[in-house]
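Chemist: Structure file my_file_15.txt (compact mmCIF, C-alpha atoms) right here:
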```
# COMPACT_ATOMS: atom_id res chain seq x y z
CA MET T 13 20.48 -8.72 -36.51
CA THR T 14 19.53 -9.46 -32.89
CA PRO T 15 20.19 -6.39 -30.69
CA LEU T 16 22.33 -6.76 -27.59
CA LEU T 17 20.96 -6.75 -24.07
CA ASP T 18 23.05 -4.20 -22.14
CA THR T 19 26.50 -4.77 -23.67
CA ASP T 20 26.97 -8.44 -24.50
CA PHE T 21 23.81 -10.54 -24.37
CA PRO T 22 21.20 -10.63 -27.12
CA ASP T 23 17.78 -9.12 -26.69
CA PRO T 24 15.41 -10.90 -26.75
CA ALA T 25 16.89 -13.86 -24.90
CA VAL T 26 16.00 -16.56 -22.39
CA ILE T 27 18.34 -15.92 -19.45
CA VAL T 28 18.62 -18.92 -17.14
CA LEU T 29 20.04 -18.35 -13.65
CA ILE T 30 21.81 -21.40 -12.24
CA GLY T 31 22.58 -21.84 -8.55
CA PRO T 32 21.49 -23.60 -5.37
CA ALA T 33 18.97 -22.29 -2.89
CA GLY T 34 20.38 -19.28 -1.08
CA SER T 35 22.86 -18.38 -3.81
CA GLY T 36 21.29 -14.98 -4.57
CA LYS T 37 19.52 -15.76 -7.83
CA SER T 38 16.40 -13.81 -6.88
CA THR T 39 18.49 -10.80 -5.91
CA LEU T 40 20.17 -10.87 -9.31
CA ALA T 41 16.82 -11.44 -11.04
CA SER T 42 15.39 -8.36 -9.33
CA THR T 43 17.72 -6.16 -11.38
CA TRP T 44 15.57 -6.90 -14.44
CA GLU T 45 12.08 -5.52 -14.86
CA PRO T 46 9.61 -7.50 -12.72
CA THR T 47 7.58 -8.48 -15.79
CA GLN T 48 10.66 -10.10 -17.31
CA VAL T 49 11.33 -12.42 -14.36
CA LEU T 50 9.67 -15.85 -14.27
CA SER T 51 10.28 -17.13 -10.76
CA LEU T 52 9.47 -20.75 -9.96
CA ASP T 53 8.74 -19.77 -6.35
CA HIS T 54 6.23 -17.23 -7.62
CA TYR T 55 4.45 -19.81 -9.73
CA ARG T 56 4.42 -22.29 -6.85
CA ALA T 57 2.71 -19.58 -4.80
CA LEU T 58 0.20 -18.93 -7.59
CA VAL T 59 -0.90 -22.57 -7.76
CA SER T 60 -0.66 -23.45 -4.04
CA ASP T 61 -0.56 -20.18 -2.03
CA SER T 62 2.91 -21.16 -0.82
CA PRO T 63 6.18 -20.41 -2.67
CA GLY T 64 7.95 -23.28 -0.94
CA ASP T 65 5.36 -26.02 -1.51
CA GLN T 66 7.45 -28.60 -3.33
CA SER T 67 4.39 -30.72 -4.09
CA ALA T 68 3.22 -27.89 -6.37
CA THR T 69 6.43 -27.81 -8.43
CA GLY T 70 5.01 -29.79 -11.37
CA ASP T 71 2.02 -27.47 -11.76
CA ALA T 72 4.27 -24.45 -11.24
CA VAL T 73 6.68 -25.54 -13.98
CA PHE T 74 3.75 -26.13 -16.35
CA ALA T 75 2.43 -22.60 -15.71
CA LEU T 76 5.88 -21.03 -16.00
CA LEU T 77 6.54 -22.71 -19.35
CA ARG T 78 3.18 -21.56 -20.74
CA VAL T 79 3.96 -17.95 -19.82
CA LEU T 80 7.49 -18.31 -21.19
CA GLU T 81 6.10 -19.49 -24.53
CA ALA T 82 3.67 -16.57 -24.64
CA ARG T 83 6.55 -14.16 -24.10
CA LEU T 84 8.72 -15.90 -26.69
CA ARG T 85 5.95 -15.57 -29.28
CA ARG T 86 6.09 -11.83 -28.66
CA GLY T 87 9.89 -11.70 -28.88
CA LEU T 88 10.39 -10.69 -25.24
CA THR T 89 13.36 -11.35 -22.96
CA SER T 90 12.62 -13.65 -20.01
CA VAL T 91 14.75 -14.35 -16.93
CA ILE T 92 14.23 -17.79 -15.36
CA ASP T 93 14.64 -17.58 -11.59
CA ALA T 94 14.92 -21.22 -10.52
CA THR T 95 17.80 -23.41 -9.36
CA SER T 96 18.16 -24.96 -12.86
CA THR T 97 21.01 -27.15 -11.57
CA ASN T 98 19.42 -30.20 -13.21
CA PRO T 99 20.49 -30.72 -16.88
CA GLU T 100 17.02 -32.07 -17.72
CA ASP T 101 15.39 -28.85 -16.51
CA ARG T 102 17.80 -26.79 -18.59
CA ALA T 103 17.13 -28.95 -21.64
CA THR T 104 13.41 -28.15 -21.38
CA LEU T 105 14.16 -24.44 -21.35
CA LEU T 106 16.63 -24.76 -24.24
CA ASN T 107 14.16 -26.69 -26.39
CA THR T 108 11.42 -24.18 -25.66
CA ALA T 109 13.62 -21.24 -26.67
CA ARG T 110 14.81 -23.01 -29.83
CA ARG T 111 11.24 -23.53 -31.05
CA TYR T 112 10.91 -19.76 -31.24
CA GLY T 113 14.42 -19.03 -32.43
CA ILE T 114 15.32 -17.07 -29.28
CA PRO T 115 18.98 -17.09 -28.06
CA THR T 116 19.73 -18.58 -24.64
CA VAL T 117 22.00 -17.30 -21.87
CA ALA T 118 23.17 -19.28 -18.82
CA LEU T 119 24.38 -17.32 -15.79
CA ILE T 120 26.01 -19.38 -13.04
CA VAL T 121 25.72 -17.88 -9.53
CA PRO T 122 28.78 -19.47 -7.82
CA THR T 123 28.05 -18.48 -4.21
CA PRO T 124 30.13 -20.49 -1.68
CA LEU T 125 28.30 -23.42 -0.14
CA GLU T 126 28.73 -22.07 3.41
CA VAL T 127 26.96 -18.84 2.43
CA CYS T 128 24.10 -20.72 0.77
CA LEU T 129 23.66 -22.91 3.84
CA ALA T 130 23.74 -19.92 6.19
CA ARG T 131 21.11 -18.06 4.17
CA ASN T 132 18.95 -21.15 3.91
CA ALA T 133 19.16 -21.66 7.68
CA THR T 134 17.34 -18.33 8.20
CA ARG T 135 14.38 -19.42 6.08
CA THR T 136 11.31 -20.69 7.87
CA GLY T 137 8.49 -23.05 7.05
CA ASP T 138 8.45 -24.64 3.62
CA ARG T 139 10.83 -21.95 2.38
CA HIS T 140 13.59 -23.85 4.18
CA VAL T 141 15.32 -26.36 1.89
CA PRO T 142 16.86 -29.51 3.45
CA GLU T 143 20.62 -29.10 3.85
CA ASP T 144 21.44 -32.21 1.83
CA THR T 145 19.37 -30.80 -1.04
CA VAL T 146 21.31 -27.52 -0.97
CA ARG T 147 24.58 -29.45 -0.96
CA ALA T 148 23.46 -31.55 -3.93
CA GLN T 149 22.35 -28.43 -5.82
CA HIS T 150 25.69 -26.77 -5.13
CA GLN T 151 27.60 -29.81 -6.37
CA ALA T 152 25.51 -29.89 -9.54
CA MET T 153 26.08 -26.17 -10.07
CA ALA T 154 29.85 -26.65 -9.70
CA ALA T 155 29.75 -29.27 -12.46
CA ALA T 156 27.99 -26.87 -14.82
CA SER T 157 30.95 -24.88 -16.16
CA PRO T 158 30.44 -22.28 -18.91
CA ALA T 159 32.11 -24.65 -21.39
CA HIS T 160 29.79 -27.49 -20.31
CA LEU T 161 26.72 -25.27 -20.65
CA ARG T 162 27.74 -24.13 -24.11
CA HIS T 163 28.13 -27.79 -25.02
CA GLU T 164 24.55 -28.35 -23.77
CA GLY T 165 23.43 -25.77 -26.30
CA PHE T 166 23.42 -22.39 -24.56
CA ASP T 167 24.48 -19.59 -26.87
CA TYR T 168 26.15 -17.71 -24.00
CA ALA T 169 27.34 -18.97 -20.61
CA GLU T 170 29.14 -17.04 -17.87
CA PHE T 171 29.87 -17.02 -14.15
CA THR T 172 28.02 -14.02 -12.71
CA PRO T 173 31.19 -12.30 -11.39
CA ALA T 174 32.28 -12.05 -15.03
CA ILE T 175 29.19 -10.04 -16.00
CA GLN T 176 30.05 -7.01 -13.87
CA ARG T 177 30.44 -5.19 -17.18
CA LEU T 178 26.69 -5.55 -17.69
CA GLY T 179 26.05 -3.13 -14.82
CA ARG T 180 23.15 -4.96 -13.18
CA LEU T 181 23.47 -2.81 -10.03
CA GLY T 182 23.36 0.25 -12.24
CA ALA T 183 20.20 -1.05 -13.92
CA LEU T 184 18.53 -1.49 -10.53
CA LEU T 185 19.65 1.93 -9.31
CA GLN T 186 18.39 3.55 -12.52
CA ARG T 187 14.97 1.99 -12.12
CA ALA T 188 14.81 2.98 -8.44
CA SER T 189 15.91 6.51 -9.29
CA ASP T 190 13.34 6.85 -12.08
CA THR T 191 10.59 5.59 -9.78
CA ARG T 192 11.56 7.95 -6.97
CA ARG T 193 11.81 10.94 -9.30
CA ARG T 194 8.39 10.10 -10.72
CA GLU T 195 6.90 9.81 -7.21
CA LEU T 196 8.36 13.16 -6.15
CA GLY T 197 7.44 14.90 -9.39
CA LEU T 198 11.07 15.56 -10.29
CA ASP T 199 10.48 14.24 -13.80
CA GLY T 200 8.15 17.10 -14.71
CA SER T 201 4.98 15.27 -13.64
CA ASP T 202 2.72 16.13 -10.70
CA GLY T 203 4.21 13.28 -8.66
CA LEU T 204 2.40 11.60 -5.79
CA GLY T 205 2.22 14.69 -3.58
CA ASP T 206 1.07 13.92 -0.05
CA GLU T 207 0.62 10.26 -1.04
CA VAL T 208 4.39 9.88 -0.63
CA LEU T 209 3.92 10.32 3.11
CA LEU T 210 1.04 7.83 3.14
CA ARG T 211 3.39 5.31 1.56
CA ARG T 212 6.12 6.11 4.05
CA PHE T 213 3.87 5.66 7.06
CA PHE T 214 1.63 2.81 5.98
CA GLY T 215 3.11 1.26 2.82
CA PRO T 216 2.02 1.30 -0.84
CA GLU T 217 -0.75 -1.29 -0.29
CA ILE T 218 -2.55 1.14 2.02
CA ALA T 219 -1.66 4.29 0.07
CA ARG T 220 -3.34 3.09 -3.10
CA LEU T 221 -6.69 2.89 -1.25
CA ALA T 222 -6.64 6.60 -0.46
CA THR T 223 -9.10 9.24 -1.58
CA TRP T 224 -8.17 12.75 -0.47
CA LYS T 225 -11.00 14.98 0.75
CA ASP T 226 -10.14 18.67 0.59
CA HIS T 227 -12.12 21.34 2.48
CA SER T 228 -13.51 18.81 4.96
CA GLU T 229 -15.16 20.18 8.09
CA LEU T 230 -13.36 17.52 10.11
CA VAL T 231 -10.06 19.44 9.94
CA THR T 232 -8.88 23.02 9.89
CA GLY T 233 -6.13 25.03 8.24
CA GLU T 234 -3.92 23.14 5.81
CA ASP T 235 -4.79 19.72 7.25
CA ARG T 236 -6.51 17.29 4.89
CA VAL T 237 -8.83 14.32 5.27
CA VAL T 238 -8.02 11.05 3.53
CA VAL T 239 -10.38 8.09 3.34
CA LEU T 240 -9.16 4.50 2.96
CA GLU T 241 -11.96 2.44 1.40
CA VAL T 242 -12.44 -1.08 0.07
CA ALA T 243 -15.93 -2.13 -1.11
CA GLY T 244 -17.68 0.32 1.19
CA ASP T 245 -15.56 -0.57 4.23
CA TYR T 246 -13.61 2.52 5.16
CA ARG T 247 -11.48 4.32 7.72
CA THR T 248 -10.98 8.09 7.92
CA LEU T 249 -7.58 9.70 8.52
CA ALA T 250 -6.44 13.27 8.99
CA PHE T 251 -3.17 14.39 7.46
CA ARG T 252 -1.54 16.92 9.82
CA ARG T 253 1.00 19.32 8.37
CA ASP T 254 2.15 20.23 11.89
CA ALA T 255 1.42 17.16 13.97
CA ASP T 256 3.58 17.97 16.97
CA GLY T 257 3.94 21.75 16.98
CA GLU T 258 7.44 21.40 15.53
CA GLY T 259 6.55 21.30 11.85
CA ASN T 260 6.55 17.50 11.46
CA TYR T 261 3.95 15.84 9.27
CA GLY T 262 1.77 13.04 10.59
CA PHE T 263 -1.53 11.19 10.44
CA ASP T 264 -4.40 10.70 12.89
CA VAL T 265 -7.15 8.10 12.56
CA LEU T 266 -10.77 8.85 13.43
CA VAL T 267 -11.99 6.76 16.42
CA PRO T 268 -14.92 6.89 18.86
CA CYS T 269 -14.46 9.16 21.86
CA PRO T 270 -13.92 7.01 24.99
CA THR T 271 -16.41 9.14 26.93
CA GLU T 272 -19.28 8.15 24.60
CA ALA T 273 -19.90 4.94 26.56
CA GLY T 274 -21.27 6.97 29.48
CA ARG T 275 -23.38 9.34 27.40
CA ASP T 276 -26.92 9.23 26.07
CA ASP T 277 -27.35 8.34 22.40
CA ASP T 278 -28.18 11.94 21.51
CA GLU T 279 -24.98 13.25 23.07
CA LYS T 280 -22.42 11.93 20.66
CA CYS T 281 -18.89 13.32 20.83
CA GLY T 282 -16.32 13.78 18.20
CA PRO T 283 -14.47 13.90 16.07
CA ALA T 284 -11.88 12.05 18.15
CA TRP T 285 -8.44 11.51 16.66
CA LEU T 286 -5.68 9.06 17.51
CA PRO T 287 -2.12 9.36 16.14
CA ALA T 288 -1.28 6.57 13.67
CA TYR T 289 2.33 5.82 12.82
CA SER T 290 2.00 2.48 11.01
CA ALA T 291 -0.37 0.02 9.38
CA THR T 292 -0.45 -1.79 12.72
CA ASP T 293 -1.91 1.32 14.36
CA LEU T 294 -4.58 1.48 11.66
CA LEU T 295 -5.43 -2.19 12.24
CA ARG T 296 -5.75 -1.65 15.99
CA ALA T 297 -8.06 1.31 15.45
CA TYR T 298 -10.12 -0.65 12.92
CA GLN T 299 -10.51 -3.53 15.37
CA GLY T 300 -11.19 -1.23 18.31
CA GLN T 301 -8.09 -2.52 20.08
CA HIS T 302 -6.20 0.80 20.26
CA GLU T 303 -4.98 2.08 23.59
CA ILE T 304 -6.72 5.11 25.06
CA GLY T 305 -3.38 6.44 26.31
CA ASP T 306 -1.94 6.79 22.84
CA GLY T 307 -2.48 10.54 22.48
CA LEU T 308 -6.20 10.46 21.69
CA ILE T 309 -7.86 13.89 21.42
CA CYS T 310 -11.62 14.49 21.13
CA GLN T 311 -12.47 17.80 19.50
CA GLY T 312 -16.05 17.48 20.72
CA CYS T 313 -15.71 17.18 24.50
CA GLY T 314 -12.07 18.13 24.85
CA TYR T 315 -10.98 14.73 26.15
CA GLU T 316 -7.22 14.32 25.75
CA SER T 317 -4.89 11.50 26.73
CA GLU T 318 -1.14 11.58 26.94
CA ILE T 319 1.11 9.68 24.56
CA ASP T 320 3.03 6.91 26.31
CA HIS T 321 6.44 7.96 24.97
CA GLU T 322 8.17 4.81 26.18
CA VAL T 323 5.74 2.61 24.25
CA ALA T 324 5.82 4.91 21.22
CA ASP T 325 9.64 4.87 21.16
CA TRP T 326 9.66 1.09 21.48
CA GLU T 327 7.23 0.71 18.56
CA ALA T 328 9.39 3.11 16.54
CA GLY T 329 12.41 0.88 17.19
CA ALA T 330 14.17 2.97 19.86
CA ASP T 331 16.26 1.24 22.54
CA PRO T 332 14.51 1.73 25.90
CA ASP T 333 17.79 1.03 27.72
CA SER T 334 19.79 3.52 25.68
CA ASP T 335 22.15 5.83 27.59
CA ASP T 336 21.30 8.73 25.28
CA THR T 337 21.68 11.83 27.41
CA GLN T 338 19.34 13.97 25.30
CA ASP T 339 16.30 15.10 27.28
CA HIS T 340 13.39 12.75 26.52
CA ASP T 341 10.96 15.62 25.92
CA GLN T 342 13.24 16.91 23.17
CA LEU T 343 13.50 13.61 21.29
CA PRO T 344 11.82 13.48 17.85
CA THR T 345 8.22 12.32 18.06
CA PRO T 346 7.12 9.09 16.39
CA TYR T 347 5.75 11.36 13.64
CA ALA T 348 9.24 12.62 12.92
CA GLU T 349 10.65 9.11 13.11
CA ALA T 350 8.10 7.91 10.58
CA THR T 351 8.70 10.75 8.15
CA ARG T 352 12.41 10.07 8.18
CA SER T 353 12.16 6.28 7.87
```
Take the structure from the file and write it as structure tokens.

Modeler:
Amino acid sequence: MTPLLDTDFPDPAVIVLIGPAGSGKSTLASTWEPTQVLSLDHYRALVSDSPGDQSATGDAVFALLRVLEARLRRGLTSVIDATSTNPEDRATLLNTARRYGIPTVALIVPTPLEVCLARNATRTGDRHVPEDTVRAQHQAMAAASPAHLRHEGFDYAEFTPAIQRLGRLGALLQRASDTRRRELGLDGSDGLGDEVLLRRFFGPEIARLATWKDHSELVTGEDRVVVLEVAGDYRTLAFRRDADGEGNYGFDVLVPCPTEAGRDDDEKCGPAWLPAYSATDLLRAYQGQHEIGDGLICQGCGYESEIDHEVADWEAGADPDSDDTQDHDQLPTPYAEATRS
């Protein structure tokens, strides 16, 4: 007997999402495990470097179907994230699933046309779909009733509002909760430790490059050095446990001292540290385009610049014209803003 997916749908199954551009199919698809979702946009990007390149659709469909067949051979559930408003496209998916004896599920995403058009209007470049195409997709979706889809051959067909009982939001929240607990070590593991803050400041793409260097002579006390390295190209950071004297964590990036330009070669300064609140700050330091007045401190010669709080607040998203009556010197530093973001 085929087990049920959640409460009603079989598992394994081929779950086909049906709806026009901007209907929210990808949002719904994201409630399944990422490995289960076969997104046509993703495959367009794989074959053309652009998810909206319509000229790559044929190659993208070919690649998607090959991966779908590989998953079906292994008896795995797959979620098809494409408009699928064309009966011919659905027939291809149905025939593929039938060859492997896997049940099929059609989920119609009946988002109002005005909402689809409004969402599509915010898309830029080749991600933007012509309005007449969205209207045609919506009309085709409206003609694909659950009864019609079952007549086409789907084993199950529903409007998405009717599948609230499946708890897709709950599935997404559970996965997010499990991931967060694992990162924080609340599941009994060691967790990510200080890497959580690296992710918060600079994002997971940067955090995974990190190698922590304990007992480095570059820092004192409980501060730690972390090196970001790719193929021998690296940048050194310092993790400060009390970055602002108020107990807030933060990161500095190692940069040349600005006074070195006027010194002899044998009179090098350093280490010189510059506060870094984002990946953009790291990029500026890497390119040598950082501002001297960003709170740079040289531990070698004692050079120290002041942080431009107005610029720092602006980069942190604060409103420079705000009527907040709190004294500016008592506002949270960008470090604190980053650790709470």

Chemist: Considering all atoms listed in the file, return as a list in words whatever protein or nucleic-acid residues lie within 10 Å of Asn132 in chain T, sequence-local ones (same chain, fewer than 4 positions apart) excluded.

Modeler: Pro32, Ala33, Gly34, Ser35, Glu126, Val127, Cys128, Thr136, Arg139, His140, Val141, Pro142, Glu143 and Val146 of chain T

Chemist: Calculate how many Å separate CA of Glu81 in chain T from CA of Asp53 in chain T, rounding to one decimal.

Modeler: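 Computed distance, CA of Glu81 in chain T to CA of Asp53 in chain T, equals 18.4 Å.
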
Chemist: Could you work out how far CA of Ile120 in chain T lies from CA of Gly36 in chain T, giving the answer in Å with one decimal?

Modeler: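 Between CA of Gly36 in chain T and CA of Ile120 in chain T the gap works out to 10.6 Å.
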
Chemist: Restricting the calculation to all atoms listed in the file, which member of T:Trp224, T:Phe214, T:Tyr315, T:Tyr261 is positioned closest to Leu294 in chain T?

Modeler: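 Closest to Leu294 in chain T of all the choices is T:Phe214.
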
Chemist: At most 12 Å from (-7.1, 13.6, 4.2), file frame, all atoms listed in the file: which residues, as a VMD selection string?

Modeler: chain T and resid 206 to 207 209 to 210 219 222 to 232 234 to 240 247 to 253 262 to 266

Chemist: From the options T:Phe171, T:Trp285, T:Phe21, T:Tyr112, which residue's atoms come nearest to Asp306 in chain T, counting all atoms listed in the file?

Modeler: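 Closest candidate: T:Trp285.
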
Chemist: So which residues are close to (27.0, -27.2, -5.3), meaning at most 9 Å away in the file's coordinates with only C-alpha atoms counted, and can you show them as a list in words?

Modeler: Gly31, Pro32, Thr97, Pro122, Thr123, Pro124, Leu125, Val146, Arg147, Ala148, Gln149, His150, Gln151, Ala152, Met153, Ala154 and Ala155 of chain T

Chemist: Report, in Å with one decimal, the straight-line distance from CA of Thr116 in chain T to CA of Ala25 in chain T.

Modeler: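 Those two atoms sit 5.5 Å apart.
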
Chemist: I'd like the neighbourhood of Glu316 in chain T as a list in words, where a residue qualifies if any of its atoms comes within 12 Å (using all atoms listed in the file), though same-chain residues fewer than 2 positions away should be ignored.

Modeler: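 Answer for this query is Cys269, Pro270, Thr271, Gly282, Ala284, Trp285, Leu286, Pro287, Ile304, Gly305, Asp306, Gly307, Leu308, Ile309, Cys310, Gln311, Gly312, Cys313, Gly314, Glu318 and Ile319 of chain T.
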
Chemist: Using C-alpha atoms, can you write the selected residues to a file as a PDB file, in the frame of the given file?

Modeler:
```
ATOM      1  CA  CYS T 269     -14.460   9.160  21.860  1.00  0.00           C
ATOM      2  CA  PRO T 270     -13.920   7.010  24.990  1.00  0.00           C
ATOM      3  CA  THR T 271     -16.410   9.140  26.930  1.00  0.00           C
ATOM      4  CA  GLY T 282     -16.320  13.780  18.200  1.00  0.00           C
ATOM      5  CA  ALA T 284     -11.880  12.050  18.150  1.00  0.00           C
ATOM      6  CA  TRP T 285      -8.440  11.510  16.660  1.00  0.00           C
ATOM      7  CA  LEU T 286      -5.680   9.060  17.510  1.00  0.00           C
ATOM      8  CA  PRO T 287      -2.120   9.360  16.140  1.00  0.00           C
ATOM      9  CA  ILE T 304      -6.720   5.110  25.060  1.00  0.00           C
ATOM     10  CA  GLY T 305      -3.380   6.440  26.310  1.00  0.00           C
ATOM     11  CA  ASP T 306      -1.940   6.790  22.840  1.00  0.00           C
ATOM     12  CA  GLY T 307      -2.480  10.540  22.480  1.00  0.00           C
ATOM     13  CA  LEU T 308      -6.200  10.460  21.690  1.00  0.00           C
ATOM     14  CA  ILE T 309      -7.860  13.890  21.420  1.00  0.00           C
ATOM     15  CA  CYS T 310     -11.620  14.490  21.130  1.00  0.00           C
ATOM     16  CA  GLN T 311     -12.470  17.800  19.500  1.00  0.00           C
ATOM     17  CA  GLY T 312     -16.050  17.480  20.720  1.00  0.00           C
ATOM     18  CA  CYS T 313     -15.710  17.180  24.500  1.00  0.00           C
ATOM     19  CA  GLY T 314     -12.070  18.130  24.850  1.00  0.00           C
ATOM     20  CA  GLU T 318      -1.140  11.580  26.940  1.00  0.00           C
ATOM     21  CA  ILE T 319       1.110   9.680  24.560  1.00  0.00           C
TER      22      ILE T 319
END
```

Chemist: For a quick check of understanding, using only C-alpha atoms, which of T:Ala255, T:Ala72, T:Ala118, T:Ala41 has the smallest distance to His163 in chain T?

Modeler: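 Selected residue with least distance to His163 in chain T: T:Ala118.
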
Chemist: Find the spatial neighbours of Arg193 in chain T, counting all atoms listed in the file, within a cut-off of 9 Å - ignore same-chain residues fewer than 6 positions away - and output them as a list in words.

Modeler: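 Those residues are Asp199, Gly200 and Gly203 of chain T.
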
Chemist: Grab the residues selected above and save them as an mmCIF file, in the coordinates of the input with C-alpha atoms.

Modeler:
```cif
data_model
loop_
_atom_site.group_PDB
_atom_site.id
_atom_site.type_symbol
_atom_site.label_atom_id
_atom_site.label_comp_id
_atom_site.auth_asym_id
_atom_site.auth_seq_id
_atom_site.Cartn_x
_atom_site.Cartn_y
_atom_site.Cartn_z
ATOM 1 C CA ASP T 199 10.480 14.240 -13.800
ATOM 2 C CA GLY T 200 8.150 17.100 -14.710
ATOM 3 C CA GLY T 203 4.210 13.280 -8.660
#
```

Chemist: Please provide as number ranges by chain all residues within 9 Å of Thr43 in chain T, with the sequence filter that same-chain residues fewer than 5 positions apart are discarded (counting only C-alpha atoms).

Modeler: T: 38, 180-185, 187

Chemist: Please list as a PDB file with C-alpha atoms, keeping the file's coordinate frame every residue within 6 Å of Phe166 in chain T, counting only C-alpha atoms and excluding residues in the same chain fewer than 3 positions away.

Modeler:
```pdb
ATOM      1  CA  THR T 116      19.730 -18.580 -24.640  1.00  0.00           C
ATOM      2  CA  VAL T 117      22.000 -17.300 -21.870  1.00  0.00           C
ATOM      3  CA  LEU T 161      26.720 -25.270 -20.650  1.00  0.00           C
ATOM      4  CA  ARG T 162      27.740 -24.130 -24.110  1.00  0.00           C
TER       5      ARG T 162
END
```
